[in-house]
file coords-v3.txt (compact mmCIF, C-alpha atoms)
# COMPACT_ATOMS: atom_id res chain seq x y z
CA MET A 1 0.00 0.00 0.00
CA THR A 2 1.46 3.29 -1.05
CA THR A 3 0.55 6.68 0.13
CA SER A 4 0.94 9.73 -1.98
CA ILE A 5 2.35 12.92 -0.53
CA ASP A 6 0.87 16.08 -1.94
CA LYS A 7 3.55 18.34 -3.33
CA PRO A 8 3.00 22.05 -3.59
CA ASP A 9 2.33 23.40 -6.98
CA ALA A 10 5.06 25.27 -8.77
CA ALA A 11 2.94 28.39 -8.67
CA ASP A 12 2.98 28.26 -4.87
CA GLU A 13 6.76 28.35 -4.80
CA ALA A 14 7.90 31.95 -5.33
CA PRO A 15 11.50 32.72 -6.06
CA ALA A 16 13.54 34.00 -3.18
CA SER A 17 13.93 37.39 -4.89
CA GLN A 18 10.13 37.79 -4.99
CA LYS A 19 9.51 36.89 -1.38
CA ARG A 20 8.10 39.64 0.78
CA PRO A 21 10.50 41.06 3.31
CA SER A 22 10.40 39.62 6.74
CA THR A 23 8.28 41.18 9.45
CA PRO A 24 11.22 42.76 11.33
CA LYS A 25 12.36 44.52 8.14
CA ARG A 26 8.90 45.87 7.48
CA ARG A 27 8.64 47.03 11.08
CA HIS A 28 12.04 48.74 10.83
CA SER A 29 11.15 50.56 7.61
CA GLY A 30 7.85 51.63 9.16
CA MET A 31 9.67 53.06 12.15
CA ILE A 32 12.00 54.99 9.85
CA ARG A 33 9.05 56.47 7.97
CA ALA A 34 7.37 57.40 11.25
CA GLN A 35 10.55 59.07 12.49
CA ARG A 36 10.83 61.05 9.26
CA ARG A 37 7.24 62.22 9.57
CA ALA A 38 7.83 63.21 13.20
CA GLY A 39 10.97 65.07 12.18
CA TYR A 40 9.13 67.02 9.48
CA VAL A 41 6.35 67.87 11.95
CA MET A 42 8.85 69.20 14.50
CA MET A 43 10.70 71.13 11.80
CA ALA A 44 7.50 72.64 10.41
CA PRO A 45 7.36 75.70 12.74
CA ALA A 46 10.98 76.59 11.97
CA LEU A 47 10.46 76.07 8.24
CA VAL A 48 7.35 78.26 8.28
CA ASN A 49 9.23 80.93 10.22
CA ILE A 50 12.16 80.85 7.79
CA SER A 51 9.87 80.92 4.77
CA ILE A 52 7.72 83.82 5.97
CA PHE A 53 10.19 86.02 7.83
CA LEU A 54 13.40 85.25 5.92
CA GLY A 55 12.66 83.71 2.53
CA LEU A 56 9.80 86.02 1.54
CA PRO A 57 11.59 89.26 2.57
CA LEU A 58 14.68 88.10 0.69
CA VAL A 59 12.68 87.59 -2.50
CA LEU A 60 10.88 90.92 -2.06
CA ALA A 61 14.18 92.73 -1.45
CA PHE A 62 15.61 91.24 -4.62
CA VAL A 63 12.55 92.35 -6.61
CA LEU A 64 12.47 95.84 -5.08
CA SER A 65 16.17 96.34 -5.79
CA PHE A 66 15.22 96.80 -9.46
CA THR A 67 12.61 99.47 -8.68
CA ASP A 68 12.30 103.05 -7.51
CA TYR A 69 10.10 102.66 -4.44
CA GLY A 70 9.55 105.06 -1.55
CA PHE A 71 6.47 104.00 0.46
CA PHE A 72 4.10 106.63 -0.89
CA ALA A 73 4.16 105.65 -4.57
CA ASP A 74 3.91 102.45 -6.52
CA PRO A 75 7.22 100.74 -7.35
CA GLU A 76 8.63 101.81 -10.71
CA PHE A 77 10.89 99.38 -12.53
CA ILE A 78 14.28 101.00 -13.27
CA GLY A 79 16.44 97.94 -14.00
CA PHE A 80 20.00 98.03 -12.67
CA ALA A 81 19.98 101.77 -11.90
CA ASN A 82 20.17 101.19 -8.14
CA TYR A 83 23.18 98.91 -8.55
CA ALA A 84 24.87 101.43 -10.81
CA GLU A 85 24.31 104.11 -8.17
CA LEU A 86 25.95 101.90 -5.53
CA VAL A 87 29.26 102.11 -7.38
CA GLN A 88 29.18 105.93 -7.28
CA ASP A 89 27.82 106.40 -3.75
CA PRO A 90 30.63 107.49 -1.37
CA ASP A 91 28.59 106.68 1.74
CA PHE A 92 28.02 103.15 0.49
CA GLN A 93 31.71 102.70 -0.31
CA ILE A 94 32.73 103.93 3.15
CA SER A 95 30.18 101.64 4.82
CA VAL A 96 31.46 98.60 2.91
CA VAL A 97 35.08 99.33 3.84
CA ASN A 98 34.17 99.93 7.49
CA THR A 99 32.13 96.74 7.63
CA ILE A 100 34.96 94.65 6.21
CA LEU A 101 37.51 96.25 8.55
CA TYR A 102 35.21 95.70 11.53
CA THR A 103 34.76 92.06 10.54
CA LEU A 104 38.50 91.51 10.07
CA MET A 105 39.11 92.85 13.57
CA VAL A 106 36.24 91.17 15.39
CA VAL A 107 36.04 87.67 13.90
CA PRO A 108 39.64 86.41 14.29
CA GLY A 109 40.14 88.31 17.56
CA ALA A 110 36.97 86.98 19.17
CA MET A 111 37.61 83.43 17.94
CA ALA A 112 41.15 83.37 19.35
CA ILE A 113 40.18 84.83 22.73
CA ALA A 114 37.12 82.59 23.02
CA LEU A 115 39.22 79.49 22.30
CA VAL A 116 41.74 80.45 25.00
CA ILE A 117 38.94 81.01 27.50
CA ALA A 118 37.29 77.71 26.55
CA LEU A 119 40.58 75.86 27.03
CA ALA A 120 40.97 77.41 30.47
CA LEU A 121 37.39 76.67 31.52
CA ASN A 122 37.67 73.11 30.23
CA MET A 123 40.21 72.34 32.93
CA ALA A 124 39.30 71.29 36.46
CA ILE A 125 39.46 74.70 38.16
CA ARG A 126 37.51 75.90 41.14
CA GLY A 127 34.38 77.90 40.32
CA ARG A 128 34.52 77.28 36.57
CA SER A 129 30.71 77.21 36.37
CA VAL A 130 30.63 80.74 37.75
CA TYR A 131 33.21 81.88 35.20
CA ARG A 132 31.21 80.31 32.38
CA VAL A 133 28.12 82.22 33.44
CA MET A 134 30.07 85.48 33.76
CA PHE A 135 31.47 85.18 30.23
CA TYR A 136 28.03 84.32 28.82
CA VAL A 137 26.09 87.14 30.52
CA PRO A 138 26.88 89.74 27.78
CA VAL A 139 25.25 87.48 25.18
CA VAL A 140 21.85 87.59 26.92
CA THR A 141 22.13 91.26 27.90
CA ALA A 142 20.36 93.85 25.75
CA THR A 143 22.73 95.61 23.37
CA VAL A 144 21.33 98.99 24.43
CA SER A 145 22.38 98.32 28.01
CA ILE A 146 25.82 97.13 26.90
CA ALA A 147 26.33 100.15 24.67
CA THR A 148 25.28 102.53 27.43
CA VAL A 149 27.79 101.05 29.87
CA TRP A 150 30.58 101.17 27.29
CA LEU A 151 29.75 104.80 26.46
CA TRP A 152 30.52 105.60 30.08
CA ILE A 153 33.66 103.44 30.14
CA LEU A 154 35.04 105.03 26.95
CA ASN A 155 34.00 108.59 27.72
CA PRO A 156 36.99 110.82 26.88
CA SER A 157 36.43 113.14 29.87
CA TYR A 158 35.52 110.94 32.83
CA GLY A 159 35.49 107.37 31.50
CA LEU A 160 36.92 104.41 33.36
CA ALA A 161 39.19 103.43 30.43
CA ASN A 162 41.15 106.69 30.56
CA GLU A 163 41.38 106.46 34.33
CA ILE A 164 43.04 103.06 33.97
CA LEU A 165 45.40 104.43 31.32
CA GLY A 166 46.34 107.23 33.70
CA LEU A 167 47.34 104.72 36.39
CA PHE A 168 50.03 103.43 34.03
CA GLY A 169 51.15 106.87 32.95
CA LEU A 170 49.62 106.57 29.48
CA PRO A 171 47.93 109.50 27.71
CA PRO A 172 44.11 109.51 27.49
CA SER A 173 42.35 108.42 24.32
CA ARG A 174 39.25 109.83 22.68
CA TRP A 175 38.01 106.30 21.90
CA LEU A 176 34.62 106.54 20.14
CA ALA A 177 34.89 110.32 19.77
CA SER A 178 37.85 110.24 17.36
CA PRO A 179 37.73 109.05 13.73
CA ASP A 180 41.14 107.44 14.24
CA THR A 181 40.06 105.17 17.11
CA ALA A 182 36.27 104.91 16.81
CA LEU A 183 36.10 101.79 14.63
CA THR A 184 38.76 100.00 16.69
CA SER A 185 36.92 100.87 19.90
CA LEU A 186 33.68 99.60 18.39
CA ALA A 187 35.39 96.37 17.39
CA MET A 188 36.67 95.97 20.95
CA ILE A 189 33.10 96.16 22.24
CA GLY A 190 31.95 93.69 19.59
CA ILE A 191 34.66 91.21 20.57
CA TRP A 192 33.70 91.43 24.23
CA GLN A 193 29.98 91.08 23.51
CA GLY A 194 30.35 87.97 21.35
CA LEU A 195 32.83 86.03 23.47
CA GLY A 196 30.16 84.10 25.37
CA THR A 197 28.59 82.35 22.38
CA LYS A 198 31.91 81.39 20.86
CA MET A 199 33.23 80.21 24.22
CA VAL A 200 30.25 77.89 24.72
CA LEU A 201 30.63 76.41 21.23
CA TYR A 202 34.35 75.80 21.69
CA LEU A 203 33.76 74.38 25.16
CA ALA A 204 31.24 71.88 23.78
CA ALA A 205 33.68 70.89 21.03
CA LEU A 206 36.53 70.45 23.51
CA GLN A 207 34.44 68.13 25.64
CA GLY A 208 33.84 66.03 22.54
CA VAL A 209 37.54 65.39 21.93
CA ASP A 210 38.35 61.70 22.47
CA PRO A 211 40.33 61.44 25.76
CA ALA A 212 41.98 58.26 24.47
CA LEU A 213 43.69 60.24 21.69
CA VAL A 214 44.96 62.82 24.17
CA GLU A 215 46.26 60.09 26.49
CA ALA A 216 47.93 58.29 23.60
CA ALA A 217 49.73 61.48 22.58
CA ARG A 218 50.98 62.00 26.11
CA LEU A 219 52.21 58.42 26.33
CA ASP A 220 54.13 59.02 23.10
CA GLY A 221 55.97 61.86 24.83
CA ALA A 222 54.09 64.83 23.38
CA ASN A 223 54.01 67.98 25.50
CA LYS A 224 50.89 70.12 26.05
CA TRP A 225 51.46 72.26 22.96
CA GLN A 226 52.14 69.25 20.72
CA THR A 227 49.05 67.50 22.10
CA PHE A 228 46.91 70.55 21.45
CA TRP A 229 48.24 71.17 17.94
CA ASN A 230 48.18 67.54 16.72
CA VAL A 231 45.13 66.19 18.57
CA THR A 232 42.85 68.91 19.92
CA TRP A 233 43.16 71.46 17.11
CA PRO A 234 42.22 69.05 14.26
CA ALA A 235 39.26 67.79 16.31
CA LEU A 236 37.95 71.37 16.54
CA GLY A 237 37.67 71.73 12.75
CA PRO A 238 33.84 71.64 12.54
CA ALA A 239 33.57 73.98 15.52
CA HIS A 240 35.98 76.43 13.88
CA PHE A 241 33.87 76.52 10.74
CA PHE A 242 30.57 76.96 12.59
CA VAL A 243 31.96 79.72 14.81
CA PHE A 244 33.48 81.38 11.74
CA VAL A 245 30.21 81.36 9.79
CA THR A 246 28.08 82.66 12.66
CA SER A 247 30.69 85.31 13.50
CA ILE A 248 30.85 86.52 9.88
CA ILE A 249 27.07 86.86 9.72
CA ALA A 250 26.89 88.70 13.05
CA SER A 251 29.75 91.07 12.18
CA PHE A 252 28.36 92.01 8.78
CA GLN A 253 24.95 92.64 10.33
CA VAL A 254 26.14 94.83 13.20
CA PHE A 255 23.71 97.71 13.65
CA ASP A 256 22.30 98.25 17.13
CA LEU A 257 25.74 98.74 18.66
CA VAL A 258 26.55 101.42 16.08
CA TYR A 259 23.13 103.04 16.37
CA VAL A 260 23.36 103.50 20.14
CA THR A 261 27.04 104.43 20.46
CA THR A 262 28.14 106.49 17.44
CA GLN A 263 25.28 106.86 14.91
CA GLY A 264 27.88 106.08 12.24
CA GLY A 265 30.21 108.89 13.32
CA PRO A 266 32.43 110.63 13.90
CA ALA A 267 32.96 111.65 10.27
CA ASN A 268 31.44 108.34 9.06
CA ALA A 269 34.26 106.44 10.79
CA THR A 270 31.81 103.79 12.06
CA ARG A 271 29.24 103.96 9.28
CA VAL A 272 28.65 100.26 8.54
CA LEU A 273 26.57 98.68 5.80
CA VAL A 274 23.44 97.83 7.78
CA PHE A 275 23.39 101.33 9.28
CA ASP A 276 23.62 102.77 5.75
CA ILE A 277 20.75 100.52 4.67
CA TYR A 278 18.72 101.77 7.63
CA GLN A 279 19.43 105.40 6.75
CA ASN A 280 18.38 104.97 3.12
CA ALA A 281 15.30 102.93 3.93
CA PHE A 282 13.80 104.78 6.90
CA SER A 283 15.34 108.26 6.80
CA LYS A 284 15.43 108.87 3.05
CA LEU A 285 12.53 106.43 2.35
CA ASP A 286 14.40 105.04 -0.65
CA LEU A 287 13.45 101.39 -0.27
CA GLY A 288 14.53 100.38 -3.75
CA TYR A 289 18.08 101.58 -3.20
CA ALA A 290 18.18 100.08 0.31
CA SER A 291 17.03 96.77 -1.14
CA ALA A 292 19.90 96.84 -3.62
CA GLU A 293 22.29 97.36 -0.69
CA SER A 294 20.67 94.44 1.12
CA VAL A 295 21.20 92.18 -1.88
CA PHE A 296 24.83 93.28 -2.03
CA LEU A 297 25.21 92.49 1.69
CA PHE A 298 23.75 89.02 1.14
CA ILE A 299 26.20 88.35 -1.69
CA LEU A 300 29.12 89.67 0.39
CA ILE A 301 28.28 87.37 3.31
CA ALA A 302 27.90 84.42 0.92
CA ILE A 303 31.35 85.12 -0.56
CA PHE A 304 33.04 85.13 2.86
CA ILE A 305 31.23 81.95 3.93
CA ALA A 306 32.14 80.22 0.67
CA ALA A 307 35.79 81.20 1.18
CA GLY A 308 35.69 79.74 4.68
CA LEU A 309 34.06 76.54 3.43
CA ARG A 310 36.67 76.14 0.72
CA LEU A 311 39.47 76.69 3.23
CA GLN A 312 37.99 74.06 5.54
CA ARG A 313 37.67 71.55 2.72
CA SER A 314 41.26 72.13 1.62
CA LYS A 315 42.49 71.52 5.16
CA ALA A 316 40.37 68.36 5.38
CA ASP A 317 41.87 67.10 2.11
CA ASP A 318 45.38 67.80 3.39
CA ASN A 319 44.68 65.77 6.50
call {"tool": "encode", "arguments": {"input": "coords-v3.txt", "output": "structure tokens"}}
result
Amino acid sequence: MTTSIDKPDAADEAPASQKRPSTPKRRHSGMIRAQRRAGYVMMAPALVNISIFLGLPLVLAFVLSFTDYGFFADPEFIGFANYAELVQDPDFQISVVNTILYTLMVVPGAMAIALVIALALNMAIRGRSVYRVMFYVPVVTATVSIATVWLWILNPSYGLANEILGLFGLPPSRWLASPDTALTSLAMIGIWQGLGTKMVLYLAALQGVDPALVEAARLDGANKWQTFWNVTWPALGPAHFFVFVTSIIASFQVFDLVYVTTQGGPANATRVLVFDIYQNAFSKLDLGYASAESVFLFILIAIFIAAGLRLQRSKADDN
């Protein structure tokens, strides 16, 4: 007596390549999709904010830069006339030069000082939390308050700065009241005001350096400088670039400090680009021309950031 065993039909046997993925794989892909949706939902408020308050004004400024517009009349298309006027405007030329000089003084100076402070506060010293708070306080303090205090400190007649110079037998300075020293004095205030943010960023990057690499360098006989230059400094590359970009943007957009302290003076010595844009837009009511200046400022910032990005990439390739 023989029994027959039913064999599955060929149609029931699907090739391995056509089999449906296993349940764990489907569950994993579903989780990824859910995480993406959650991420988009959480990003939505920021994206809406950027689109409405940054993207839309940027597009409108670009459009208005080709028009003659002054609030009380409809915009009149004039092509590149505003951009041609920029080349011949002495106030605009002075503001561009002052902005670049201010940036060249503030950005590298603030980055270097902030890195030194971060290195010091990264060590096990007593009361370092208090020092961190003290260095960060200017960041959360209103610029008007900061400028008012510095106006008293740098007052040529009774300011604290000249009193300190007198203790060392040095002659007094006119600080913000002289065209020769006004921009440098303003840059000094800008460096002091921005130290807190840069210090925190560098401090976070320093705490992310692998301790094993530092210990290995010390075991190989490297001193503190060699350890910093060959281990710590390369690890701070991304932090350097981020601090550089944010510092460039902040320096090119300096306005409130200038508005409260010097109003662009004396003799246009501290007339920066954003202050010139403000003057043309809200004092002269020439919004078309101010929009052309804004577009130029955007391009100028993009050029500096692109240069920094290229420099970072070249260093990464060398390493």
call {"tool": "residues_around", "arguments": {"input": "coords-v3.txt", "residues": "stretch 133-135 of chain A", "least_positions_apart": "5", "cutoff": "12 Å", "atoms": "all atoms listed in the file", "output": "PDB file with C-alpha atoms, keeping the file's coordinate frame"}}
result
ATOM      1  CA  ILE A 113      40.180  84.830  22.730  1.00  0.00           C
ATOM      2  CA  ALA A 114      37.120  82.590  23.020  1.00  0.00           C
ATOM      3  CA  ILE A 117      38.940  81.010  27.500  1.00  0.00           C
ATOM      4  CA  ALA A 118      37.290  77.710  26.550  1.00  0.00           C
ATOM      5  CA  LEU A 121      37.390  76.670  31.520  1.00  0.00           C
ATOM      6  CA  GLY A 127      34.380  77.900  40.320  1.00  0.00           C
ATOM      7  CA  ARG A 128      34.520  77.280  36.570  1.00  0.00           C
ATOM      8  CA  VAL A 140      21.850  87.590  26.920  1.00  0.00           C
ATOM      9  CA  THR A 141      22.130  91.260  27.900  1.00  0.00           C
ATOM     10  CA  ILE A 191      34.660  91.210  20.570  1.00  0.00           C
ATOM     11  CA  TRP A 192      33.700  91.430  24.230  1.00  0.00           C
ATOM     12  CA  GLN A 193      29.980  91.080  23.510  1.00  0.00           C
ATOM     13  CA  GLY A 194      30.350  87.970  21.350  1.00  0.00           C
ATOM     14  CA  LEU A 195      32.830  86.030  23.470  1.00  0.00           C
ATOM     15  CA  GLY A 196      30.160  84.100  25.370  1.00  0.00           C
ATOM     16  CA  THR A 197      28.590  82.350  22.380  1.00  0.00           C
ATOM     17  CA  LYS A 198      31.910  81.390  20.860  1.00  0.00           C
ATOM     18  CA  MET A 199      33.230  80.210  24.220  1.00  0.00           C
ATOM     19  CA  VAL A 200      30.250  77.890  24.720  1.00  0.00           C
TER      20      VAL A 200
END
call {"tool": "closest_residue", "arguments": {"input": "coords-v3.txt", "among": "A:Val245, A:Met43, A:Ala292, A:Ala142", "to": "A:Ala84", "atoms": "all atoms listed in the file"}}
result
A:Ala292
call {"tool": "closest_residue", "arguments": {"input": "coords-v3.txt", "among": "A:Phe296, A:Tyr136, A:Phe228, A:Phe62", "to": "A:Leu206", "atoms": "all atoms listed in the file"}}
result
A:Phe228
call {"tool": "closest_residue", "arguments": {"input": "coords-v3.txt", "among": "A:Val48, A:Phe255, A:Ala302, A:Gly288", "to": "A:Phe275", "atoms": "all atoms listed in the file"}}
result
A:Phe255
call {"tool": "closest_residue", "arguments": {"input": "coords-v3.txt", "among": "A:Asn82, A:Leu58, A:Arg27, A:Gly166", "to": "A:Asp286", "atoms": "only C-alpha atoms"}}
result
A:Asn82
call {"tool": "atom_distance", "arguments": {"input": "coords-v3.txt", "atom1": "atom CA of A:Leu311", "atom2": "atom CA of A:Leu186"}}
result
28.1 Å
call {"tool": "residues_around", "arguments": {"input": "coords-v3.txt", "residues": "stretch 87-92 of chain A", "least_positions_apart": "6", "cutoff": "9 Å", "atoms": "all atoms listed in the file", "output": "number ranges by chain"}}
result
A: 268, 271-273, 276-277, 293
call {"tool": "closest_residue", "arguments": {"input": "coords-v3.txt", "among": "A:Ala61, A:Val254, A:Val130, A:Thr262", "to": "A:Leu154", "atoms": "only C-alpha atoms"}}
result
A:Thr262
call {"tool": "atom_distance", "arguments": {"input": "coords-v3.txt", "atom1": "atom CA of A:Leu203", "atom2": "atom CA of A:Met123"}}
result
10.3 Å
call {"tool": "residues_around", "arguments": {"input": "coords-v3.txt", "residues": "stretch 99-106 of chain A", "least_positions_apart": "3", "cutoff": "6 Å", "atoms": "all atoms listed in the file", "output": "PyMOL selection string"}}
result
chain A and resi 95-96+109-110+187+191+251+272
